[in-house]
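Source file entry11.cif; content: mmCIF, C-alpha atoms.
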data_model
loop_
_atom_site.group_PDB
_atom_site.id
_atom_site.type_symbol
_atom_site.label_atom_id
_atom_site.label_comp_id
_atom_site.auth_asym_id
_atom_site.auth_seq_id
_atom_site.Cartn_x
_atom_site.Cartn_y
_atom_site.Cartn_z
ATOM 1 C CA PHE A 1 -100.108 -190.811 -135.994
ATOM 2 C CA ILE A 2 -99.810 -187.358 -134.430
ATOM 3 C CA ASN A 3 -98.484 -188.852 -131.221
ATOM 4 C CA SER A 4 -95.908 -190.881 -133.142
ATOM 5 C CA ILE A 5 -94.350 -187.657 -134.472
ATOM 6 C CA SER A 6 -94.975 -185.403 -131.544
ATOM 7 C CA SER A 7 -97.175 -185.332 -128.473
ATOM 8 C CA SER A 8 -98.120 -181.702 -129.222
ATOM 9 C CA PRO A 9 -100.308 -180.765 -132.247
ATOM 10 C CA LYS A 10 -98.347 -177.522 -132.646
ATOM 11 C CA ARG A 11 -95.051 -179.399 -132.594
ATOM 12 C CA PHE A 12 -96.506 -181.825 -135.125
ATOM 13 C CA VAL A 13 -97.249 -178.985 -137.570
ATOM 14 C CA ALA A 14 -93.726 -177.601 -137.165
ATOM 15 C CA ASN A 15 -92.108 -181.008 -137.680
ATOM 16 C CA ALA A 16 -94.303 -181.754 -140.688
ATOM 17 C CA ASP A 17 -93.309 -178.428 -142.252
ATOM 18 C CA THR A 18 -89.632 -179.216 -141.650
ATOM 19 C CA ILE A 19 -89.976 -182.668 -143.224
ATOM 20 C CA PHE A 20 -91.770 -181.152 -146.242
ATOM 21 C CA LYS A 21 -88.975 -178.589 -146.763
ATOM 22 C CA ILE A 22 -86.336 -181.318 -146.573
ATOM 23 C CA PHE A 23 -88.090 -183.357 -149.268
ATOM 24 C CA GLN A 24 -88.523 -180.149 -151.313
ATOM 25 C CA CYS A 25 -84.792 -179.473 -151.194
ATOM 26 C CA ILE A 26 -83.993 -183.077 -152.144
ATOM 27 C CA ILE A 27 -86.294 -182.881 -155.168
ATOM 28 C CA LEU A 28 -85.149 -179.439 -156.364
ATOM 29 C CA LEU A 29 -81.410 -179.832 -155.696
ATOM 30 C CA PRO A 30 -80.643 -181.442 -159.098
ATOM 31 C CA CYS A 31 -82.388 -178.478 -160.755
ATOM 32 C CA SER A 32 -80.467 -175.802 -158.839
ATOM 33 C CA ASP A 33 -78.451 -174.636 -161.844
ATOM 34 C CA LEU A 34 -81.591 -174.189 -163.929
ATOM 35 C CA LEU A 35 -83.291 -172.299 -161.104
ATOM 36 C CA ILE A 36 -80.309 -169.937 -160.821
ATOM 37 C CA LYS A 37 -80.415 -169.218 -164.557
ATOM 38 C CA LEU A 38 -84.158 -168.637 -164.406
ATOM 39 C CA SER A 39 -83.823 -166.212 -161.501
ATOM 40 C CA LYS A 40 -81.108 -164.283 -163.355
ATOM 41 C CA LYS A 41 -83.332 -163.952 -166.406
ATOM 42 C CA VAL A 42 -86.199 -162.660 -164.298
ATOM 43 C CA ILE A 43 -83.967 -160.118 -162.568
ATOM 44 C CA HIS A 44 -82.432 -158.965 -165.881
ATOM 45 C CA ALA A 45 -85.867 -158.628 -167.442
ATOM 46 C CA LYS A 46 -87.043 -156.427 -164.590
ATOM 47 C CA ASN A 47 -83.948 -154.219 -164.856
ATOM 48 C CA GLY A 48 -84.168 -153.973 -168.654
ATOM 49 C CA ASP A 49 -80.720 -155.551 -168.965
ATOM 50 C CA GLU A 50 -80.174 -156.783 -172.519
ATOM 51 C CA GLN A 51 -76.571 -157.966 -172.059
ATOM 52 C CA ASP A 52 -77.262 -161.402 -170.549
ATOM 53 C CA GLU A 53 -75.877 -163.887 -173.073
ATOM 54 C CA ASP A 54 -78.810 -166.280 -172.689
ATOM 55 C CA ALA A 55 -81.267 -163.411 -173.255
ATOM 56 C CA MET A 56 -79.868 -162.194 -176.596
ATOM 57 C CA LEU A 57 -82.672 -162.169 -179.135
ATOM 58 C CA LEU A 58 -84.210 -160.396 -182.079
ATOM 59 C CA LYS A 59 -87.076 -158.183 -180.965
ATOM 60 C CA TYR A 60 -88.812 -157.278 -184.223
ATOM 61 C CA ILE A 61 -87.711 -160.075 -186.541
ATOM 62 C CA ASP A 62 -89.230 -163.541 -186.334
ATOM 63 C CA PRO A 63 -86.292 -165.860 -187.129
ATOM 64 C CA SER A 64 -88.651 -168.787 -187.726
ATOM 65 C CA GLY A 65 -89.802 -167.408 -191.075
ATOM 66 C CA VAL A 66 -89.819 -164.505 -193.523
ATOM 67 C CA ASN A 67 -92.851 -162.349 -194.242
ATOM 68 C CA PRO A 68 -92.044 -160.587 -197.555
ATOM 69 C CA THR A 69 -94.508 -157.783 -196.834
ATOM 70 C CA THR A 70 -92.806 -156.705 -193.590
ATOM 71 C CA VAL A 71 -89.132 -157.527 -194.169
ATOM 72 C CA VAL A 72 -87.936 -153.947 -194.643
ATOM 73 C CA VAL A 73 -89.878 -152.613 -191.662
ATOM 74 C CA GLU A 74 -88.665 -155.389 -189.372
ATOM 75 C CA VAL A 75 -85.027 -155.007 -190.389
ATOM 76 C CA THR A 76 -85.169 -151.211 -190.061
ATOM 77 C CA GLN A 77 -86.586 -151.466 -186.539
ATOM 78 C CA GLU A 78 -83.961 -154.015 -185.529
ATOM 79 C CA ILE A 79 -81.136 -151.846 -186.899
ATOM 80 C CA GLN A 80 -82.558 -148.857 -185.034
ATOM 81 C CA ARG A 81 -82.496 -150.921 -181.852
ATOM 82 C CA MET A 82 -78.902 -151.895 -182.580
ATOM 83 C CA ALA A 83 -78.013 -148.225 -183.166
ATOM 84 C CA ASN A 84 -79.495 -147.258 -179.792
ATOM 85 C CA MET A 85 -77.189 -149.770 -178.102
ATOM 86 C CA VAL A 86 -74.215 -148.361 -179.997
ATOM 87 C CA LYS A 87 -75.121 -144.838 -178.913
ATOM 88 C CA GLU A 88 -75.305 -145.936 -175.268
ATOM 89 C CA ASN A 89 -71.832 -147.475 -175.546
ATOM 90 C CA LEU A 90 -70.496 -144.332 -177.196
ATOM 91 C CA LYS A 91 -71.909 -142.178 -174.395
ATOM 92 C CA MET A 92 -70.544 -144.374 -171.599
ATOM 93 C CA SER A 93 -67.112 -144.763 -173.179
ATOM 94 C CA SER A 94 -66.741 -141.049 -173.863
ATOM 95 C CA ASP A 95 -67.910 -140.200 -170.353
ATOM 96 C CA ALA A 96 -65.302 -142.565 -168.937
ATOM 97 C CA LEU A 97 -62.475 -141.090 -170.996
ATOM 98 C CA ILE A 98 -63.377 -137.397 -170.893
ATOM 99 C CA ASN A 99 -64.896 -137.137 -167.414
ATOM 100 C CA LYS A 100 -63.124 -140.060 -165.702
ATOM 101 C CA LYS A 101 -66.446 -141.767 -164.931
ATOM 102 C CA TYR A 102 -65.080 -145.286 -164.813
ATOM 103 C CA GLY A 103 -66.876 -148.475 -163.832
ATOM 104 C CA SER A 104 -69.074 -149.043 -166.895
ATOM 105 C CA GLU A 105 -66.540 -151.039 -168.901
ATOM 106 C CA GLU A 106 -68.146 -154.434 -168.228
ATOM 107 C CA GLU A 107 -71.526 -153.121 -169.342
ATOM 108 C CA VAL A 108 -70.007 -151.615 -172.485
ATOM 109 C CA TYR A 109 -68.139 -154.788 -173.428
ATOM 110 C CA ALA A 110 -71.201 -156.956 -172.742
ATOM 111 C CA ARG A 111 -73.413 -154.693 -174.845
ATOM 112 C CA GLU A 112 -70.844 -154.859 -177.655
ATOM 113 C CA GLN A 113 -71.317 -158.644 -177.714
ATOM 114 C CA TYR A 114 -75.055 -158.104 -178.061
ATOM 115 C CA ILE A 115 -74.438 -155.621 -180.899
ATOM 116 C CA ASP A 116 -72.311 -158.214 -182.703
ATOM 117 C CA PHE A 117 -75.040 -160.802 -182.154
ATOM 118 C CA LEU A 118 -77.663 -158.502 -183.693
ATOM 119 C CA SER A 119 -75.402 -157.670 -186.623
ATOM 120 C CA HIS A 120 -74.922 -161.321 -187.500
ATOM 121 C CA ARG A 121 -78.519 -162.380 -186.968
ATOM 122 C CA ILE A 122 -80.011 -159.449 -188.897
ATOM 123 C CA THR A 123 -77.612 -160.107 -191.768
ATOM 124 C CA GLU A 124 -78.556 -163.795 -191.837
ATOM 125 C CA TYR A 125 -82.224 -162.870 -191.930
ATOM 126 C CA MET A 126 -81.686 -160.428 -194.809
ATOM 127 C CA VAL A 127 -79.746 -163.000 -196.820
ATOM 128 C CA ASN A 128 -82.588 -165.465 -196.301
ATOM 129 C CA ALA A 129 -85.214 -162.822 -197.185
ATOM 130 C CA ASN A 130 -83.539 -162.135 -200.535
ATOM 131 C CA ARG A 131 -84.450 -165.650 -201.607
ATOM 132 C CA TYR A 132 -88.115 -164.699 -201.582
ATOM 133 C CA GLY A 133 -89.893 -162.821 -204.342
ATOM 134 C CA LEU A 134 -89.534 -159.349 -202.850
ATOM 135 C CA PRO A 135 -90.592 -156.265 -204.832
ATOM 136 C CA LEU A 136 -87.744 -154.480 -206.620
ATOM 137 C CA LYS A 137 -87.991 -151.474 -204.299
ATOM 138 C CA ASP A 138 -87.644 -153.683 -201.205
ATOM 139 C CA ARG A 139 -84.673 -155.566 -202.681
ATOM 140 C CA GLU A 140 -82.933 -152.249 -203.367
ATOM 141 C CA ARG A 141 -83.691 -151.042 -199.859
ATOM 142 C CA LEU A 142 -82.270 -154.245 -198.360
ATOM 143 C CA GLY A 143 -79.101 -153.694 -200.362
ATOM 144 C CA GLY A 144 -78.645 -150.357 -198.608
ATOM 145 C CA LEU A 145 -79.451 -151.877 -195.210
ATOM 146 C CA PHE A 146 -76.529 -154.299 -195.513
ATOM 147 C CA HIS A 147 -74.188 -151.291 -195.594
ATOM 148 C CA VAL A 148 -76.001 -149.595 -192.711
ATOM 149 C CA ILE A 149 -75.415 -152.626 -190.478
ATOM 150 C CA ILE A 150 -71.705 -152.435 -191.259
ATOM 151 C CA ASP A 151 -71.563 -148.699 -190.484
ATOM 152 C CA VAL A 152 -73.462 -149.085 -187.200
ATOM 153 C CA GLU A 153 -71.205 -151.950 -186.152
ATOM 154 C CA ARG A 154 -68.091 -149.916 -186.999
ATOM 155 C CA ILE A 155 -69.313 -147.082 -184.772
ATOM 156 C CA GLY A 156 -69.755 -149.671 -182.035
ATOM 157 C CA ASP A 157 -66.149 -150.758 -182.544
ATOM 158 C CA HIS A 158 -64.992 -147.151 -182.139
ATOM 159 C CA ALA A 159 -66.961 -146.905 -178.882
ATOM 160 C CA VAL A 160 -65.126 -149.974 -177.550
ATOM 161 C CA ASN A 161 -61.781 -148.466 -178.599
ATOM 162 C CA ILE A 162 -62.654 -145.341 -176.619
ATOM 163 C CA MET A 163 -63.378 -147.459 -173.540
ATOM 164 C CA ASP A 164 -60.042 -149.233 -174.023
ATOM 165 C CA ASP A 165 -58.328 -145.837 -173.992
ATOM 166 C CA ALA A 166 -60.328 -144.815 -170.918
ATOM 167 C CA LEU A 167 -59.003 -147.840 -169.034
ATOM 168 C CA LYS A 168 -55.504 -146.987 -170.223
ATOM 169 C CA GLU A 169 -56.035 -143.449 -168.945
ATOM 170 C CA LYS A 170 -57.104 -144.825 -165.559
ATOM 171 C CA LYS A 171 -54.235 -147.305 -165.286
ATOM 172 C CA GLN A 172 -51.563 -144.796 -166.262
ATOM 173 C CA ARG A 173 -53.204 -141.940 -164.336
ATOM 174 C CA MET A 174 -53.200 -139.692 -167.373
ATOM 175 C CA GLU A 175 -54.252 -136.079 -167.156
ATOM 176 C CA PHE A 176 -55.628 -133.869 -169.928
ATOM 177 C CA SER A 177 -55.299 -130.125 -170.008
ATOM 178 C CA THR A 178 -58.400 -127.990 -169.560
ATOM 179 C CA GLY A 179 -58.240 -126.990 -173.231
ATOM 180 C CA GLY A 180 -57.847 -130.583 -174.383
ATOM 181 C CA ARG A 181 -60.777 -131.784 -172.294
ATOM 182 C CA LYS A 182 -62.970 -128.989 -173.688
ATOM 183 C CA ASP A 183 -62.004 -129.908 -177.256
ATOM 184 C CA MET A 184 -62.970 -133.533 -176.637
ATOM 185 C CA THR A 185 -66.288 -132.561 -175.065
ATOM 186 C CA ASP A 186 -67.209 -130.155 -177.864
ATOM 187 C CA MET A 187 -66.399 -132.711 -180.550
ATOM 188 C CA TYR A 188 -68.319 -135.433 -178.720
ATOM 189 C CA ASP A 189 -71.429 -133.235 -178.602
ATOM 190 C CA LYS A 190 -71.337 -132.734 -182.361
ATOM 191 C CA VAL A 191 -70.724 -136.429 -183.017
ATOM 192 C CA ILE A 192 -73.775 -137.399 -180.962
ATOM 193 C CA GLU A 193 -75.777 -134.752 -182.825
ATOM 194 C CA ILE A 194 -74.833 -136.060 -186.266
ATOM 195 C CA PHE A 195 -75.406 -139.660 -185.148
ATOM 196 C CA ASP A 196 -78.914 -138.856 -183.899
ATOM 197 C CA LYS A 197 -79.717 -136.953 -187.078
ATOM 198 C CA ALA A 198 -78.415 -139.777 -189.279
ATOM 199 C CA ILE A 199 -80.505 -142.422 -187.510
ATOM 200 C CA ASP A 200 -83.562 -140.185 -187.744
ATOM 201 C CA ILE A 201 -83.060 -139.795 -191.511
ATOM 202 C CA PHE A 202 -82.484 -143.539 -191.853
ATOM 203 C CA VAL A 203 -85.742 -144.384 -190.044
ATOM 204 C CA THR A 204 -87.998 -141.648 -191.484
ATOM 205 C CA GLU A 205 -86.337 -141.424 -194.928
ATOM 206 C CA ASN A 206 -86.647 -137.640 -194.670
ATOM 207 C CA LYS A 207 -84.360 -136.270 -197.388
ATOM 208 C CA SER A 208 -84.893 -132.658 -196.337
ATOM 209 C CA ASP A 209 -82.356 -133.064 -193.500
ATOM 210 C CA PHE A 210 -79.381 -133.805 -195.745
ATOM 211 C CA ASP A 211 -78.266 -130.169 -195.603
ATOM 212 C CA GLU A 212 -78.032 -130.425 -191.821
ATOM 213 C CA ILE A 213 -76.043 -133.657 -192.056
ATOM 214 C CA ASN A 214 -73.607 -132.030 -194.492
ATOM 215 C CA ARG A 215 -73.278 -128.967 -192.254
ATOM 216 C CA LEU A 216 -72.476 -131.098 -189.209
ATOM 217 C CA GLU A 217 -69.961 -133.144 -191.172
ATOM 218 C CA ASP A 218 -68.130 -129.973 -192.241
ATOM 219 C CA ILE A 219 -68.104 -128.732 -188.641
ATOM 220 C CA ILE A 220 -66.685 -132.012 -187.329
ATOM 221 C CA ASP A 221 -64.024 -132.129 -190.058
ATOM 222 C CA GLN A 222 -62.913 -128.617 -189.082
ATOM 223 C CA MET A 223 -63.021 -129.497 -185.386
ATOM 224 C CA LYS A 224 -60.640 -132.386 -186.045
ATOM 225 C CA ILE A 225 -58.156 -129.987 -187.661
ATOM 226 C CA ASP A 226 -58.529 -127.421 -184.877
ATOM 227 C CA CYS A 227 -58.149 -130.076 -182.173
ATOM 228 C CA GLN A 228 -54.978 -131.424 -183.734
ATOM 229 C CA GLU A 229 -53.493 -127.945 -184.091
ATOM 230 C CA GLY A 230 -54.397 -127.131 -180.504
ATOM 231 C CA HIS A 231 -52.839 -130.387 -179.384
ATOM 232 C CA VAL A 232 -49.536 -129.587 -181.131
ATOM 233 C CA LYS A 233 -49.504 -126.184 -179.439
ATOM 234 C CA ARG A 234 -50.137 -127.667 -175.980
ATOM 235 C CA MET A 235 -47.419 -130.254 -176.557
ATOM 236 C CA ALA A 236 -44.965 -127.481 -177.452
ATOM 237 C CA GLU A 237 -45.914 -125.637 -174.255
ATOM 238 C CA GLY A 238 -45.481 -128.776 -172.150
ATOM 239 C CA LYS A 239 -49.133 -128.833 -171.042
ATOM 240 C CA CYS A 240 -49.716 -132.503 -171.829
ATOM 241 C CA SER A 241 -47.722 -135.727 -171.880
ATOM 242 C CA ILE A 242 -46.912 -137.841 -174.910
ATOM 243 C CA GLU A 243 -49.123 -140.660 -173.595
ATOM 244 C CA SER A 244 -52.185 -138.469 -173.071
ATOM 245 C CA GLY A 245 -51.491 -136.811 -176.419
ATOM 246 C CA LEU A 246 -51.703 -140.166 -178.198
ATOM 247 C CA VAL A 247 -55.028 -140.968 -176.525
ATOM 248 C CA PHE A 248 -56.329 -137.491 -177.395
ATOM 249 C CA THR A 249 -55.354 -137.942 -181.052
ATOM 250 C CA ASP A 250 -56.963 -141.402 -181.195
ATOM 251 C CA LEU A 251 -60.206 -139.982 -179.821
ATOM 252 C CA VAL A 252 -60.336 -137.066 -182.257
ATOM 253 C CA ILE A 253 -59.646 -139.320 -185.240
ATOM 254 C CA GLY A 254 -62.186 -141.853 -183.978
ATOM 255 C CA TYR A 255 -64.868 -139.179 -183.609
ATOM 256 C CA GLU A 256 -64.264 -137.971 -187.157
ATOM 257 C CA ARG A 257 -64.610 -141.516 -188.485
ATOM 258 C CA ILE A 258 -67.816 -142.026 -186.508
ATOM 259 C CA ALA A 259 -69.201 -138.918 -188.217
ATOM 260 C CA ASP A 260 -68.249 -140.393 -191.604
ATOM 261 C CA HIS A 261 -70.151 -143.590 -190.797
ATOM 262 C CA ALA A 262 -73.132 -141.499 -189.672
ATOM 263 C CA VAL A 263 -73.167 -139.716 -193.038
ATOM 264 C CA ASN A 264 -73.143 -143.100 -194.794
ATOM 265 C CA ILE A 265 -76.127 -144.199 -192.705
ATOM 266 C CA ALA A 266 -78.081 -141.063 -193.618
ATOM 267 C CA TYR A 267 -77.361 -141.330 -197.339
ATOM 268 C CA SER A 268 -78.246 -145.027 -197.425
ATOM 269 C CA ILE A 269 -81.877 -144.051 -198.164
ATOM 270 C CA LEU A 270 -80.912 -142.729 -201.615
ATOM 271 C CA PRO A 271 -81.309 -145.260 -204.459
ATOM 272 C CA GLU A 272 -77.870 -144.445 -205.917
ATOM 273 C CA LYS A 273 -76.242 -145.339 -202.584
ATOM 274 C CA ARG A 274 -77.735 -148.833 -202.464
#

In structure tokens, how does this file's structure come out?
Amino acid sequence: FINSISSSPKRFVANADTIFKIFQCIILLPCSDLLIKLSKKVIHAKNGDEQDEDAMLLKYIDPSGVNPTTVVVEVTQEIQRMANMVKENLKMSSDALINKKYGSEEEVYAREQYIDFLSHRITEYMVNANRYGLPLKDRERLGGLFHVIIDVERIGDHAVNIMDDALKEKKQRMEFSTGGRKDMTDMYDKVIEIFDKAIDIFVTENKSDFDEINRLEDIIDQMKIDCQEGHVKRMAEGKCSIESGLVFTDLVIGYERIADHAVNIAYSILPEKR
């Protein structure tokens, strides 16, 4: 048999290996698409990438059934996860617009799809959970969580709008004055601060931090006024274009609305807000 394939034992081994690989390719060729998808999932899992459409899933909620004793905890954890994604989008979008760090738009838009997925799936789970005999306190808490999902999703929408403006800035080669860029950076820092504080209150239900939330909201409201007045002054002095001025105004207004949503998230733990 060896001589029929090759007169040399070493050549026989090489030819046998070649024949085996050919048959392997023939067998696996119809499954090539599935193998590609599997390899992508493995690579995404290693990189911690949660934007792959096929990999979208609920992490803390078991969609196969409802456990009345853990509903509130599961939903809270899932919303917190959703909020972390929103924060990442807000950071990337603002960095692109303020500091011209472009190139993250595909990641932002993909993550926004995941955020929408979580919003819908968490809401479906909560609607289903309300059909069970939950304690009154848990039913009231779920009522507040419905509104939190909406507020978190709205902040995500603002982050996408900021990225849209960043791409507009890049395409039109807009320039912001030094003063305008500083105003945007300062307001962004406060918005991230109030967002972090709001999510912390939402998760821990620590009512002692409401004074800090109110203080930050007042600061951001005043910053919006100061930014707009500074913008009018720079326009009068010819330091910025009409196009960049419109983007600047959109960002300032968007930041102020994000802060409003953050306040809603923080106050969602109060019974009268549910």

Exercise for the section: Output the residue selection produced by the PyMOL selection byres ((chain A and resi 105) around 9) on the file above, formatted as a ChimeraX atom specification. Expected result: /A:92-93,96,102-104,106-110,160,163-164,167

Practice task
Specify as a ChimeraX atom specification each residue included when the PyMOL selection byres ((chain A and resi 94) around 10) is applied to this file.
Solution key: /A:88-93,95-101,159-160,162-163,165-166,184-185,188,251

Report as a PDB file with C-alpha atoms, in the frame of the given file the residues that result from applying the PyMOL selection byres ((chain A and resi 204-221) around 12) to the structure here.
ATOM      1  CA  VAL A  73     -89.878-152.613-191.662  1.00  0.00           C
ATOM      2  CA  THR A  76     -85.169-151.211-190.061  1.00  0.00           C
ATOM      3  CA  GLN A  77     -86.586-151.466-186.539  1.00  0.00           C
ATOM      4  CA  GLN A  80     -82.558-148.857-185.034  1.00  0.00           C
ATOM      5  CA  ARG A 141     -83.691-151.042-199.859  1.00  0.00           C
ATOM      6  CA  ASP A 183     -62.004-129.908-177.256  1.00  0.00           C
ATOM      7  CA  MET A 184     -62.970-133.533-176.637  1.00  0.00           C
ATOM      8  CA  ASP A 186     -67.209-130.155-177.864  1.00  0.00           C
ATOM      9  CA  MET A 187     -66.399-132.711-180.550  1.00  0.00           C
ATOM     10  CA  TYR A 188     -68.319-135.433-178.720  1.00  0.00           C
ATOM     11  CA  ASP A 189     -71.429-133.235-178.602  1.00  0.00           C
ATOM     12  CA  LYS A 190     -71.337-132.734-182.361  1.00  0.00           C
ATOM     13  CA  VAL A 191     -70.724-136.429-183.017  1.00  0.00           C
ATOM     14  CA  ILE A 192     -73.775-137.399-180.962  1.00  0.00           C
ATOM     15  CA  GLU A 193     -75.777-134.752-182.825  1.00  0.00           C
ATOM     16  CA  ILE A 194     -74.833-136.060-186.266  1.00  0.00           C
ATOM     17  CA  PHE A 195     -75.406-139.660-185.148  1.00  0.00           C
ATOM     18  CA  ASP A 196     -78.914-138.856-183.899  1.00  0.00           C
ATOM     19  CA  LYS A 197     -79.717-136.953-187.078  1.00  0.00           C
ATOM     20  CA  ALA A 198     -78.415-139.777-189.279  1.00  0.00           C
ATOM     21  CA  ILE A 199     -80.505-142.422-187.510  1.00  0.00           C
ATOM     22  CA  ASP A 200     -83.562-140.185-187.744  1.00  0.00           C
ATOM     23  CA  ILE A 201     -83.060-139.795-191.511  1.00  0.00           C
ATOM     24  CA  PHE A 202     -82.484-143.539-191.853  1.00  0.00           C
ATOM     25  CA  VAL A 203     -85.742-144.384-190.044  1.00  0.00           C
ATOM     26  CA  GLN A 222     -62.913-128.617-189.082  1.00  0.00           C
ATOM     27  CA  MET A 223     -63.021-129.497-185.386  1.00  0.00           C
ATOM     28  CA  LYS A 224     -60.640-132.386-186.045  1.00  0.00           C
ATOM     29  CA  ILE A 225     -58.156-129.987-187.661  1.00  0.00           C
ATOM     30  CA  ASP A 226     -58.529-127.421-184.877  1.00  0.00           C
ATOM     31  CA  CYS A 227     -58.149-130.076-182.173  1.00  0.00           C
ATOM     32  CA  GLN A 228     -54.978-131.424-183.734  1.00  0.00           C
ATOM     33  CA  VAL A 252     -60.336-137.066-182.257  1.00  0.00           C
ATOM     34  CA  ILE A 253     -59.646-139.320-185.240  1.00  0.00           C
ATOM     35  CA  GLY A 254     -62.186-141.853-183.978  1.00  0.00           C
ATOM     36  CA  TYR A 255     -64.868-139.179-183.609  1.00  0.00           C
ATOM     37  CA  GLU A 256     -64.264-137.971-187.157  1.00  0.00           C
ATOM     38  CA  ARG A 257     -64.610-141.516-188.485  1.00  0.00           C
ATOM     39  CA  ILE A 258     -67.816-142.026-186.508  1.00  0.00           C
ATOM     40  CA  ALA A 259     -69.201-138.918-188.217  1.00  0.00           C
ATOM     41  CA  ASP A 260     -68.249-140.393-191.604  1.00  0.00           C
ATOM     42  CA  HIS A 261     -70.151-143.590-190.797  1.00  0.00           C
ATOM     43  CA  ALA A 262     -73.132-141.499-189.672  1.00  0.00           C
ATOM     44  CA  VAL A 263     -73.167-139.716-193.038  1.00  0.00           C
ATOM     45  CA  ASN A 264     -73.143-143.100-194.794  1.00  0.00           C
ATOM     46  CA  ILE A 265     -76.127-144.199-192.705  1.00  0.00           C
ATOM     47  CA  ALA A 266     -78.081-141.063-193.618  1.00  0.00           C
ATOM     48  CA  TYR A 267     -77.361-141.330-197.339  1.00  0.00           C
ATOM     49  CA  SER A 268     -78.246-145.027-197.425  1.00  0.00           C
ATOM     50  CA  ILE A 269     -81.877-144.051-198.164  1.00  0.00           C
ATOM     51  CA  LEU A 270     -80.912-142.729-201.615  1.00  0.00           C
ATOM     52  CA  PRO A 271     -81.309-145.260-204.459  1.00  0.00           C
TER      53      PRO A 271
END

Exercise for the section: Please indicate the distance in Å from CA of Ser119 in chain A to CA of Asn161 in chain A, rounded to one decimal place. Expected result: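 Going from CA of Ser119 in chain A over to CA of Asn161 in chain A covers 18.3 Å.
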
Practice task
Have a look at A:Glu229, A:Glu78, A:Glu243, A:Asp250 and name the one nearest to Tyr125 in chain A; count all atoms listed in the file.
Solution key: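 The answer is A:Glu78, which sits nearest to Tyr125 in chain A.
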
Practice task
One decimal, Å: what's the distance from CA of Gln172 in chain A over to CA of Met85 in chain A, could you say?
Solution key: 28.7 Å

Handout entry: Computed interatomic separation between CA of Arg173 in chain A and CA of Lys239 in chain A (Å)
Key =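 If I compute the distance from CA of Arg173 in chain A to CA of Lys239 in chain A, I get 15.3 Å.
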
Practice task
Point out the residue among A:Glu74, A:Glu237, A:Asp62, A:Asp116 with the least atom-to-atom distance to Ile150 in chain A, counting all atoms listed in the file.
Solution key: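 With all atoms listed in the file as the atom set, the closest residue is A:Asp116.
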
In file coordinates, which residues lie within 12 Å of (-81.6, -157.4, -194.4) using all atoms listed in the file, given as a CSV table (one decimal) with C-alpha atoms, in the coordinates of the input?
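part_28.csv was written with the following content:
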chain,number,residue,atom,x,y,z
A,61,ILE,CA,-87.7,-160.1,-186.5
A,66,VAL,CA,-89.8,-164.5,-193.5
A,68,PRO,CA,-92.0,-160.6,-197.6
A,70,THR,CA,-92.8,-156.7,-193.6
A,71,VAL,CA,-89.1,-157.5,-194.2
A,72,VAL,CA,-87.9,-153.9,-194.6
A,73,VAL,CA,-89.9,-152.6,-191.7
A,74,GLU,CA,-88.7,-155.4,-189.4
A,75,VAL,CA,-85.0,-155.0,-190.4
A,76,THR,CA,-85.2,-151.2,-190.1
A,77,GLN,CA,-86.6,-151.5,-186.5
A,78,GLU,CA,-84.0,-154.0,-185.5
A,79,ILE,CA,-81.1,-151.8,-186.9
A,118,LEU,CA,-77.7,-158.5,-183.7
A,119,SER,CA,-75.4,-157.7,-186.6
A,120,HIS,CA,-74.9,-161.3,-187.5
A,121,ARG,CA,-78.5,-162.4,-187.0
A,122,ILE,CA,-80.0,-159.4,-188.9
A,123,THR,CA,-77.6,-160.1,-191.8
A,124,GLU,CA,-78.6,-163.8,-191.8
A,125,TYR,CA,-82.2,-162.9,-191.9
A,126,MET,CA,-81.7,-160.4,-194.8
A,127,VAL,CA,-79.7,-163.0,-196.8
A,128,ASN,CA,-82.6,-165.5,-196.3
A,129,ALA,CA,-85.2,-162.8,-197.2
A,130,ASN,CA,-83.5,-162.1,-200.5
A,131,ARG,CA,-84.4,-165.6,-201.6
A,134,LEU,CA,-89.5,-159.3,-202.8
A,138,ASP,CA,-87.6,-153.7,-201.2
A,139,ARG,CA,-84.7,-155.6,-202.7
A,140,GLU,CA,-82.9,-152.2,-203.4
A,141,ARG,CA,-83.7,-151.0,-199.9
A,142,LEU,CA,-82.3,-154.2,-198.4
A,143,GLY,CA,-79.1,-153.7,-200.4
A,144,GLY,CA,-78.6,-150.4,-198.6
A,145,LEU,CA,-79.5,-151.9,-195.2
A,146,PHE,CA,-76.5,-154.3,-195.5
A,147,HIS,CA,-74.2,-151.3,-195.6
A,148,VAL,CA,-76.0,-149.6,-192.7
A,149,ILE,CA,-75.4,-152.6,-190.5
A,150,ILE,CA,-71.7,-152.4,-191.3
